[in-house]
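The next block is start_15.cif, given as mmCIF, C-alpha atoms and all ligand atoms; chains and numbers go by the auth columns.
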data_model
#
loop_
_atom_site.group_PDB
_atom_site.id
_atom_site.type_symbol
_atom_site.label_atom_id
_atom_site.label_comp_id
_atom_site.label_asym_id
_atom_site.label_seq_id
_atom_site.Cartn_x
_atom_site.Cartn_y
_atom_site.Cartn_z
_atom_site.B_iso_or_equiv
_atom_site.auth_seq_id
_atom_site.auth_asym_id
ATOM 1 C CA MET A 1 16.102 22.418 1.160 0.00 98 A
ATOM 2 C CA ALA A 2 12.815 24.004 2.241 0.00 99 A
ATOM 3 C CA SER A 3 12.682 25.575 5.692 0.00 100 A
ATOM 4 C CA ILE A 4 9.650 25.302 7.971 0.00 101 A
ATOM 5 C CA ASN A 5 8.626 28.848 7.016 0.00 102 A
ATOM 6 C CA ASP A 6 8.791 27.844 3.349 0.00 103 A
ATOM 7 C CA LEU A 7 6.271 25.090 4.046 0.00 104 A
ATOM 8 C CA PHE A 8 3.711 27.610 5.299 0.00 105 A
ATOM 9 C CA ALA A 9 4.436 29.902 2.337 0.00 106 A
ATOM 10 C CA HIS A 10 3.962 26.968 -0.062 0.00 107 A
ATOM 11 C CA ASN A 11 0.750 26.027 1.709 0.00 108 A
ATOM 12 C CA ARG A 12 -0.732 29.528 1.377 0.00 109 A
ATOM 13 C CA ALA A 13 0.258 29.664 -2.299 0.00 110 A
ATOM 14 C CA TRP A 14 -1.247 26.212 -2.944 0.00 111 A
ATOM 15 C CA ALA A 15 -4.527 27.048 -1.171 0.00 112 A
ATOM 16 C CA ALA A 16 -4.821 30.314 -3.117 0.00 113 A
ATOM 17 C CA GLN A 17 -4.068 28.582 -6.426 0.00 114 A
ATOM 18 C CA MET A 18 -6.635 25.826 -5.771 0.00 115 A
ATOM 19 C CA GLU A 19 -9.318 28.382 -4.940 0.00 116 A
ATOM 20 C CA ARG A 20 -8.420 30.441 -8.014 0.00 117 A
ATOM 21 C CA GLU A 21 -8.500 27.475 -10.391 0.00 118 A
ATOM 22 C CA ARG A 22 -11.443 25.692 -8.803 0.00 119 A
ATOM 23 C CA PRO A 23 -13.595 28.148 -6.882 0.00 120 A
ATOM 24 C CA GLY A 24 -15.464 26.455 -4.027 0.00 121 A
ATOM 25 C CA PHE A 25 -13.061 23.494 -3.848 0.00 122 A
ATOM 26 C CA PHE A 26 -12.466 23.770 -0.109 0.00 123 A
ATOM 27 C CA SER A 27 -16.059 24.590 0.819 0.00 124 A
ATOM 28 C CA SER A 28 -17.163 21.389 -0.957 0.00 125 A
ATOM 29 C CA LEU A 29 -14.469 19.400 0.897 0.00 126 A
ATOM 30 C CA VAL A 30 -15.806 20.621 4.225 0.00 127 A
ATOM 31 C CA LYS A 31 -19.170 18.954 3.609 0.00 128 A
ATOM 32 C CA GLN A 32 -17.900 15.377 3.433 0.00 129 A
ATOM 33 C CA GLN A 33 -15.226 12.991 2.296 0.00 130 A
ATOM 34 C CA LYS A 34 -16.453 10.321 -0.078 0.00 131 A
ATOM 35 C CA PRO A 35 -13.333 8.605 -1.375 0.00 132 A
ATOM 36 C CA LYS A 36 -13.674 5.520 -3.578 0.00 133 A
ATOM 37 C CA TYR A 37 -10.101 4.481 -2.844 0.00 134 A
ATOM 38 C CA MET A 38 -8.008 3.472 0.124 0.00 135 A
ATOM 39 C CA TRP A 39 -4.221 3.351 -0.167 0.00 136 A
ATOM 40 C CA ILE A 40 -2.043 1.302 2.185 0.00 137 A
ATOM 41 C CA GLY A 41 1.535 2.248 1.408 0.00 138 A
ATOM 42 C CA CYS A 42 5.025 2.640 2.797 0.00 139 A
ATOM 43 C CA SER A 43 5.879 5.680 4.933 0.00 140 A
ATOM 44 C CA ASP A 44 8.777 6.387 2.544 0.00 141 A
ATOM 45 C CA SER A 45 8.732 10.089 1.543 0.00 142 A
ATOM 46 C CA ARG A 46 9.188 9.189 -2.135 0.00 143 A
ATOM 47 C CA VAL A 47 5.807 7.471 -2.408 0.00 144 A
ATOM 48 C CA PRO A 48 3.007 10.061 -1.938 0.00 145 A
ATOM 49 C CA ALA A 49 -0.355 8.436 -2.724 0.00 146 A
ATOM 50 C CA ASN A 50 -2.215 11.464 -4.103 0.00 147 A
ATOM 51 C CA GLN A 51 0.537 12.765 -6.369 0.00 148 A
ATOM 52 C CA ILE A 52 1.345 9.384 -7.913 0.00 149 A
ATOM 53 C CA THR A 53 -2.270 8.691 -8.803 0.00 150 A
ATOM 54 C CA GLY A 54 -3.306 12.245 -9.656 0.00 151 A
ATOM 55 C CA LEU A 55 -6.011 12.208 -6.991 0.00 152 A
ATOM 56 C CA ASP A 56 -7.256 15.328 -5.208 0.00 153 A
ATOM 57 C CA PRO A 57 -7.729 15.821 -1.482 0.00 154 A
ATOM 58 C CA GLY A 58 -10.900 13.918 -0.594 0.00 155 A
ATOM 59 C CA GLU A 59 -10.366 11.165 -3.172 0.00 156 A
ATOM 60 C CA VAL A 60 -8.088 8.667 -1.420 0.00 157 A
ATOM 61 C CA PHE A 61 -8.094 7.496 2.200 0.00 158 A
ATOM 62 C CA VAL A 62 -4.527 6.732 3.243 0.00 159 A
ATOM 63 C CA HIS A 63 -2.735 4.529 5.746 0.00 160 A
ATOM 64 C CA ARG A 64 1.052 4.292 5.646 0.00 161 A
ATOM 65 C CA ASN A 65 3.600 2.403 7.722 0.00 162 A
ATOM 66 C CA VAL A 66 7.122 1.043 7.293 0.00 163 A
ATOM 67 C CA ALA A 67 7.078 -1.351 4.315 0.00 164 A
ATOM 68 C CA ASN A 68 3.252 -1.346 3.852 0.00 165 A
ATOM 69 C CA VAL A 69 2.492 -4.205 6.212 0.00 166 A
ATOM 70 C CA VAL A 70 -0.954 -5.420 7.328 0.00 167 A
ATOM 71 C CA VAL A 71 -0.571 -7.092 10.723 0.00 168 A
ATOM 72 C CA HIS A 72 -3.565 -8.739 12.378 0.00 169 A
ATOM 73 C CA SER A 73 -2.843 -7.223 15.784 0.00 170 A
ATOM 74 C CA ASP A 74 -2.260 -3.705 14.418 0.00 171 A
ATOM 75 C CA LEU A 75 -5.333 -1.821 15.632 0.00 172 A
ATOM 76 C CA ASN A 76 -4.188 1.327 13.856 0.00 173 A
ATOM 77 C CA ALA A 77 -4.251 -0.256 10.393 0.00 174 A
ATOM 78 C CA LEU A 78 -7.348 -2.391 11.062 0.00 175 A
ATOM 79 C CA SER A 79 -9.327 0.536 12.485 0.00 176 A
ATOM 80 C CA THR A 80 -8.445 2.574 9.413 0.00 177 A
ATOM 81 C CA VAL A 81 -9.532 -0.244 7.097 0.00 178 A
ATOM 82 C CA GLN A 82 -12.753 -0.755 9.041 0.00 179 A
ATOM 83 C CA PHE A 83 -13.636 2.934 8.805 0.00 180 A
ATOM 84 C CA ALA A 84 -12.827 2.945 5.087 0.00 181 A
ATOM 85 C CA VAL A 85 -14.897 -0.164 4.309 0.00 182 A
ATOM 86 C CA GLU A 86 -17.858 0.210 6.687 0.00 183 A
ATOM 87 C CA MET A 87 -18.309 3.984 6.897 0.00 184 A
ATOM 88 C CA LEU A 88 -16.779 5.410 3.727 0.00 185 A
ATOM 89 C CA LYS A 89 -17.696 2.381 1.583 0.00 186 A
ATOM 90 C CA VAL A 90 -14.496 2.535 -0.462 0.00 187 A
ATOM 91 C CA GLU A 91 -14.613 0.312 -3.551 0.00 188 A
ATOM 92 C CA HIS A 92 -10.904 -0.351 -3.939 0.00 189 A
ATOM 93 C CA ILE A 93 -8.065 -0.820 -1.461 0.00 190 A
ATOM 94 C CA MET A 94 -4.571 -0.894 -2.906 0.00 191 A
ATOM 95 C CA ILE A 95 -1.582 -2.149 -0.982 0.00 192 A
ATOM 96 C CA VAL A 96 1.384 -0.468 -2.595 0.00 193 A
ATOM 97 C CA GLY A 97 5.000 -1.474 -2.112 0.00 194 A
ATOM 98 C CA HIS A 98 7.914 0.286 -3.741 0.00 195 A
ATOM 99 C CA TYR A 99 11.230 -0.819 -5.175 0.00 196 A
ATOM 100 C CA GLY A 100 14.250 0.174 -3.114 0.00 197 A
ATOM 101 C CA CYS A 101 12.208 -0.064 0.109 0.00 198 A
ATOM 102 C CA GLY A 102 14.563 0.244 3.087 0.00 199 A
ATOM 103 C CA GLY A 103 12.345 -1.930 5.271 0.00 200 A
ATOM 104 C CA VAL A 104 12.288 -4.742 2.714 0.00 201 A
ATOM 105 C CA MET A 105 16.064 -4.481 2.155 0.00 202 A
ATOM 106 C CA ALA A 106 16.685 -4.714 5.903 0.00 203 A
ATOM 107 C CA ALA A 107 14.441 -7.774 6.077 0.00 204 A
ATOM 108 C CA LEU A 108 16.165 -9.431 3.130 0.00 205 A
ATOM 109 C CA HIS A 109 19.633 -8.983 4.580 0.00 206 A
ATOM 110 C CA GLY A 110 18.704 -9.439 8.225 0.00 207 A
ATOM 111 C CA GLU A 111 20.087 -5.985 9.139 0.00 208 A
ATOM 112 C CA ARG A 112 19.452 -4.644 12.633 0.00 209 A
ATOM 113 C CA ILE A 113 17.952 -1.143 12.699 0.00 210 A
ATOM 114 C CA GLY A 114 16.497 -0.865 16.197 0.00 211 A
ATOM 115 C CA LEU A 115 12.916 -0.953 17.379 0.00 212 A
ATOM 116 C CA ALA A 116 11.748 -1.413 13.780 0.00 213 A
ATOM 117 C CA ASP A 117 13.388 -4.856 13.738 0.00 214 A
ATOM 118 C CA ASN A 118 10.264 -6.182 15.411 0.00 215 A
ATOM 119 C CA TRP A 119 8.079 -4.686 12.706 0.00 216 A
ATOM 120 C CA ILE A 120 10.364 -5.828 9.897 0.00 217 A
ATOM 121 C CA ARG A 121 10.190 -9.337 11.327 0.00 218 A
ATOM 122 C CA HIS A 122 6.846 -9.607 9.507 0.00 219 A
ATOM 123 C CA ILE A 123 8.660 -9.148 6.196 0.00 220 A
ATOM 124 C CA GLN A 124 11.298 -11.658 7.227 0.00 221 A
ATOM 125 C CA ASP A 125 8.444 -14.109 7.683 0.00 222 A
ATOM 126 C CA VAL A 126 7.544 -13.423 4.030 0.00 223 A
ATOM 127 C CA ARG A 127 11.195 -13.897 3.036 0.00 224 A
ATOM 128 C CA ASP A 128 11.375 -17.200 4.916 0.00 225 A
ATOM 129 C CA ARG A 129 8.091 -18.454 3.478 0.00 226 A
ATOM 130 C CA HIS A 130 9.420 -17.874 -0.039 0.00 227 A
ATOM 131 C CA ARG A 131 13.029 -18.823 0.604 0.00 228 A
ATOM 132 C CA GLY A 132 12.995 -21.440 -2.165 0.00 229 A
ATOM 133 C CA ILE A 133 11.760 -18.911 -4.730 0.00 230 A
ATOM 134 C CA LEU A 134 14.214 -16.210 -3.647 0.00 231 A
ATOM 135 C CA GLU A 135 17.176 -18.591 -3.757 0.00 232 A
ATOM 136 C CA ASN A 136 16.392 -19.333 -7.417 0.00 233 A
ATOM 137 C CA ILE A 137 16.381 -15.636 -8.328 0.00 234 A
ATOM 138 C CA ALA A 138 19.661 -13.808 -9.081 0.00 235 A
ATOM 139 C CA PRO A 139 20.882 -11.924 -5.973 0.00 236 A
ATOM 140 C CA GLU A 140 20.544 -8.501 -7.645 0.00 237 A
ATOM 141 C CA LYS A 141 16.869 -9.181 -8.420 0.00 238 A
ATOM 142 C CA ARG A 142 15.947 -10.483 -4.958 0.00 239 A
ATOM 143 C CA PRO A 143 15.136 -7.092 -3.382 0.00 240 A
ATOM 144 C CA ASP A 144 12.522 -6.336 -6.074 0.00 241 A
ATOM 145 C CA ALA A 145 11.152 -9.880 -5.836 0.00 242 A
ATOM 146 C CA LEU A 146 10.745 -9.540 -2.069 0.00 243 A
ATOM 147 C CA VAL A 147 8.988 -6.173 -2.527 0.00 244 A
ATOM 148 C CA ASP A 148 6.494 -7.946 -4.820 0.00 245 A
ATOM 149 C CA LEU A 149 6.078 -10.988 -2.556 0.00 246 A
ATOM 150 C CA ASN A 150 5.599 -8.754 0.477 0.00 247 A
ATOM 151 C CA VAL A 151 2.758 -6.886 -1.249 0.00 248 A
ATOM 152 C CA ILE A 152 1.129 -10.178 -2.269 0.00 249 A
ATOM 153 C CA GLU A 153 1.301 -11.551 1.289 0.00 250 A
ATOM 154 C CA GLN A 154 -0.037 -8.304 2.772 0.00 251 A
ATOM 155 C CA VAL A 155 -2.995 -8.463 0.379 0.00 252 A
ATOM 156 C CA VAL A 156 -3.728 -11.942 1.762 0.00 253 A
ATOM 157 C CA ASN A 157 -3.459 -10.619 5.326 0.00 254 A
ATOM 158 C CA LEU A 158 -5.984 -7.914 4.509 0.00 255 A
ATOM 159 C CA CYS A 159 -8.297 -10.329 2.688 0.00 256 A
ATOM 160 C CA VAL A 160 -8.522 -12.656 5.702 0.00 257 A
ATOM 161 C CA SER A 161 -9.030 -9.827 8.213 0.00 258 A
ATOM 162 C CA THR A 162 -12.392 -9.796 10.008 0.00 259 A
ATOM 163 C CA VAL A 163 -13.281 -6.535 8.270 0.00 260 A
ATOM 164 C CA MET A 164 -12.929 -7.994 4.774 0.00 261 A
ATOM 165 C CA VAL A 165 -14.399 -11.406 5.632 0.00 262 A
ATOM 166 C CA ASP A 166 -17.506 -9.633 6.996 0.00 263 A
ATOM 167 C CA ALA A 167 -17.729 -7.161 4.096 0.00 264 A
ATOM 168 C CA TRP A 168 -17.568 -9.897 1.465 0.00 265 A
ATOM 169 C CA ALA A 169 -19.993 -12.106 3.433 0.00 266 A
ATOM 170 C CA LYS A 170 -22.477 -9.223 3.025 0.00 267 A
ATOM 171 C CA ASN A 171 -21.655 -9.039 -0.707 0.00 268 A
ATOM 172 C CA GLN A 172 -20.151 -5.578 -0.354 0.00 269 A
ATOM 173 C CA LYS A 173 -18.245 -4.659 -3.521 0.00 270 A
ATOM 174 C CA VAL A 174 -14.648 -4.043 -2.460 0.00 271 A
ATOM 175 C CA SER A 175 -11.572 -5.082 -4.424 0.00 272 A
ATOM 176 C CA ILE A 176 -8.122 -5.423 -2.884 0.00 273 A
ATOM 177 C CA HIS A 177 -5.203 -4.765 -5.222 0.00 274 A
ATOM 178 C CA GLY A 178 -1.447 -5.375 -4.944 0.00 275 A
ATOM 179 C CA TRP A 179 0.769 -2.806 -6.663 0.00 276 A
ATOM 180 C CA ALA A 180 4.420 -1.785 -6.632 0.00 277 A
ATOM 181 C CA PHE A 181 5.815 1.667 -7.345 0.00 278 A
ATOM 182 C CA GLY A 182 9.076 2.344 -9.168 0.00 279 A
ATOM 183 C CA VAL A 183 10.887 5.185 -7.405 0.00 280 A
ATOM 184 C CA HIS A 184 13.309 5.156 -10.384 0.00 281 A
ATOM 185 C CA ASP A 185 10.648 5.795 -13.076 0.00 282 A
ATOM 186 C CA GLY A 186 7.562 6.990 -11.185 0.00 283 A
ATOM 187 C CA LEU A 187 5.428 4.136 -12.526 0.00 284 A
ATOM 188 C CA LEU A 188 3.001 1.820 -10.753 0.00 285 A
ATOM 189 C CA GLN A 189 3.025 -1.906 -11.544 0.00 286 A
ATOM 190 C CA ASP A 190 -0.032 -4.097 -11.099 0.00 287 A
ATOM 191 C CA LEU A 191 1.172 -7.357 -9.531 0.00 288 A
ATOM 192 C CA GLY A 192 -1.903 -9.300 -10.667 0.00 289 A
ATOM 193 C CA MET A 193 -3.036 -9.690 -7.064 0.00 290 A
ATOM 194 C CA THR A 194 -6.583 -8.343 -7.246 0.00 291 A
ATOM 195 C CA VAL A 195 -9.046 -10.096 -4.944 0.00 292 A
ATOM 196 C CA ASN A 196 -12.821 -9.490 -4.939 0.00 293 A
ATOM 197 C CA SER A 197 -14.054 -12.268 -2.665 0.00 294 A
ATOM 198 C CA THR A 198 -12.918 -14.751 -0.031 0.00 295 A
ATOM 199 C CA ASP A 199 -13.189 -17.610 -2.550 0.00 296 A
ATOM 200 C CA SER A 200 -10.810 -16.020 -5.027 0.00 297 A
ATOM 201 C CA ILE A 201 -7.907 -15.447 -2.590 0.00 298 A
ATOM 202 C CA GLU A 202 -6.208 -18.796 -3.175 0.00 299 A
ATOM 203 C CA PRO A 203 -6.171 -18.987 -7.019 0.00 300 A
ATOM 204 C CA VAL A 204 -5.271 -15.308 -7.399 0.00 301 A
ATOM 205 C CA TYR A 205 -2.476 -15.699 -4.830 0.00 302 A
ATOM 206 C CA ARG A 206 -0.968 -18.698 -6.625 0.00 303 A
ATOM 207 C CA ALA A 207 -1.043 -16.937 -9.997 0.00 304 A
ATOM 208 C CA ALA A 208 0.499 -13.756 -8.559 0.00 305 A
ATOM 209 C CA VAL A 209 3.380 -15.670 -6.942 0.00 306 A
ATOM 210 C CA GLU A 210 3.947 -17.475 -10.260 0.00 307 A
ATOM 211 C CA GLY A 211 3.991 -14.051 -11.904 0.00 308 A
ATOM 212 C CA VAL A 212 6.802 -12.906 -9.604 0.00 309 A
ATOM 213 C CA ILE A 213 8.830 -16.040 -10.406 0.00 310 A
ATOM 214 C CA ALA A 214 8.306 -15.478 -14.160 0.00 311 A
ATOM 215 C CA ALA A 215 9.144 -11.766 -13.998 0.00 312 A
ATOM 216 C CA ARG A 216 12.288 -12.114 -11.880 0.00 313 A
ATOM 217 C CA SER A 217 13.816 -15.330 -13.261 0.00 314 A
HETATM 218 ZN ZN ZN B . 9.511 1.556 1.945 0.00 1 B
#

Just give me the structure of the file as structure tokens.
Ligand SMILES: [Zn+2]
Amino acid sequence: MASINDLFAHNRAWAAQMERERPGFFSSLVKQQKPKYMWIGCSDSRVPANQITGLDPGEVFVHRNVANVVVHSDLNALSTVQFAVEMLKVEHIMIVGHYGCGGVMAALHGERIGLADNWIRHIQDVRDRHRGILENIAPEKRPDALVDLNVIEQVVNLCVSTVMVDAWAKNQKVSIHGWAFGVHDGLLQDLGMTVNSTDSIEPVYRAAVEGVIAARS
């Protein structure tokens, strides 16, 4: 396991390598960030946004929390989204869940963890909303199904936020995507939950939920 000193050594080696391979990389970063993408993902250490997507520093604006949840009273997440949409003018926001998510597993099984129980309650709301679907899916497939359903519901939460309602009312081009990452194979799955306007939320949502039922049954 790397020690703290190793982290600084790795950092110096990385910075030197970047400057060697792409002279001027850091001086161009200083001028501005102009990312096209925003990533809302889980805090889980196995799901690093830049590495998975092959994006450089400066190319993806990131917000992460336990189980990639968008909560309407969470000023941290909403402020980040507002900055991304109104100032940076990102064109795509992806909400990315991952299979084997501890937060989703705890929600599915009603496990008590501690303070995070209150946060995970939001995912239990998703579980309860889709109880009928989950009961018709084999128990071993339910965790993955709830990961997918959680992403789909969080996309809806983001789509109906004041930031997105206002952006789309002004015809700003921003797409919200729902993805899931496979820790076991390193691959991203598109859950078919891509929304480009307030009007398209409902039909896209219904099709995406049907997609989960079809994929997990
Ligand atoms: Zn997670």

Name the residues that the PyMOL selection byres (((not hetatm)) within 8 of (chain B and resi 1)) pulls out of this structure, and write them as a list in words.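 After applying the PyMOL selection byres (((not hetatm)) within 8 of (chain B and resi 1)), what remains is Cys139, Ser140, Asp141, Val163, Ala164, Asn165, Gly194, His195, Tyr196, Gly197, Cys198, Gly199, Gly200 and Val201 of chain A.
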
Would you write out those residues with C-alpha atoms, as a PDB file, in the frame of the given file?
ATOM      1  CA  CYS A 139       5.025   2.640   2.797  1.00  0.00           C
ATOM      2  CA  SER A 140       5.879   5.680   4.933  1.00  0.00           C
ATOM      3  CA  ASP A 141       8.777   6.387   2.544  1.00  0.00           C
ATOM      4  CA  VAL A 163       7.122   1.043   7.293  1.00  0.00           C
ATOM      5  CA  ALA A 164       7.078  -1.351   4.315  1.00  0.00           C
ATOM      6  CA  ASN A 165       3.252  -1.346   3.852  1.00  0.00           C
ATOM      7  CA  GLY A 194       5.000  -1.474  -2.112  1.00  0.00           C
ATOM      8  CA  HIS A 195       7.914   0.286  -3.741  1.00  0.00           C
ATOM      9  CA  TYR A 196      11.230  -0.819  -5.175  1.00  0.00           C
ATOM     10  CA  GLY A 197      14.250   0.174  -3.114  1.00  0.00           C
ATOM     11  CA  CYS A 198      12.208  -0.064   0.109  1.00  0.00           C
ATOM     12  CA  GLY A 199      14.563   0.244   3.087  1.00  0.00           C
ATOM     13  CA  GLY A 200      12.345  -1.930   5.271  1.00  0.00           C
ATOM     14  CA  VAL A 201      12.288  -4.742   2.714  1.00  0.00           C
TER      15      VAL A 201
END

If the PyMOL selection byres (((chain A and resi 238-240) around 10) and not hetatm) is run on the structure shown, which residues does it catch, given as a PyMOL selection string? chain A and resi 196-199+201-206+224+230-237+241-246+312-314

Name the residues that the PyMOL selection byres (((chain A and resi 257-267) around 7) and not hetatm) picks from the file above, as a list in words, using the file's chain letters and numbers.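 Taken over the shown coordinates, the PyMOL selection byres (((chain A and resi 257-267) around 7) and not hetatm) returns His169, Gln179, Val253, Asn254, Leu255, Cys256, Asn268, Gln269, Ser294 and Thr295 of chain A.
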
What does the distance from CA of Lys186 (chain A) to CA of Tyr134 (chain A) come to in Å, to one decimal?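 Atom-to-atom, CA of Lys186 (chain A) to CA of Tyr134 (chain A), that is 9.0 Å.
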
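Across the model, the gap from CA of Gly275 (chain A) to CA of Met290 (chain A) is 5.1 Å.
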
Have a look at CA of Gly289 (chain A) and CA of Pro154 (chain A) and let me know their distance in Å, one decimal. 27.4 Å

Near Phe123 (chain A), within 9 Å and counting all atoms listed in the file, which residues show up once chain neighbours fewer than 6 positions away are dropped, as a ChimeraX atom specification? /A:112,115-116

Pick from A:Gly207, A:Pro145, A:Gly155, A:Gly121: nearest to Lys133 (chain A), with all atoms listed in the file counted?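 Distance minimum relative to Lys133 (chain A) lands on A:Gly155.
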
Please define a box with edges along x, y and z of the file around all atoms of region 239-248 of chain A given in the file, extend it by 5 Å on each side, and return its centre and edge lengths in Å to one decimal, as AutoDock Vina command-line options.
--center_x 9.4 --center_y -8.6 --center_z -2.8 --size_x 23.2 --size_y 14.8 --size_z 16.6

Write out as a ChimeraX atom specification the residues lying within 9 Å of Glu188 (chain A), counting only C-alpha atoms and excluding same-chain residues fewer than 4 positions away. /A:132-135,182,269-273
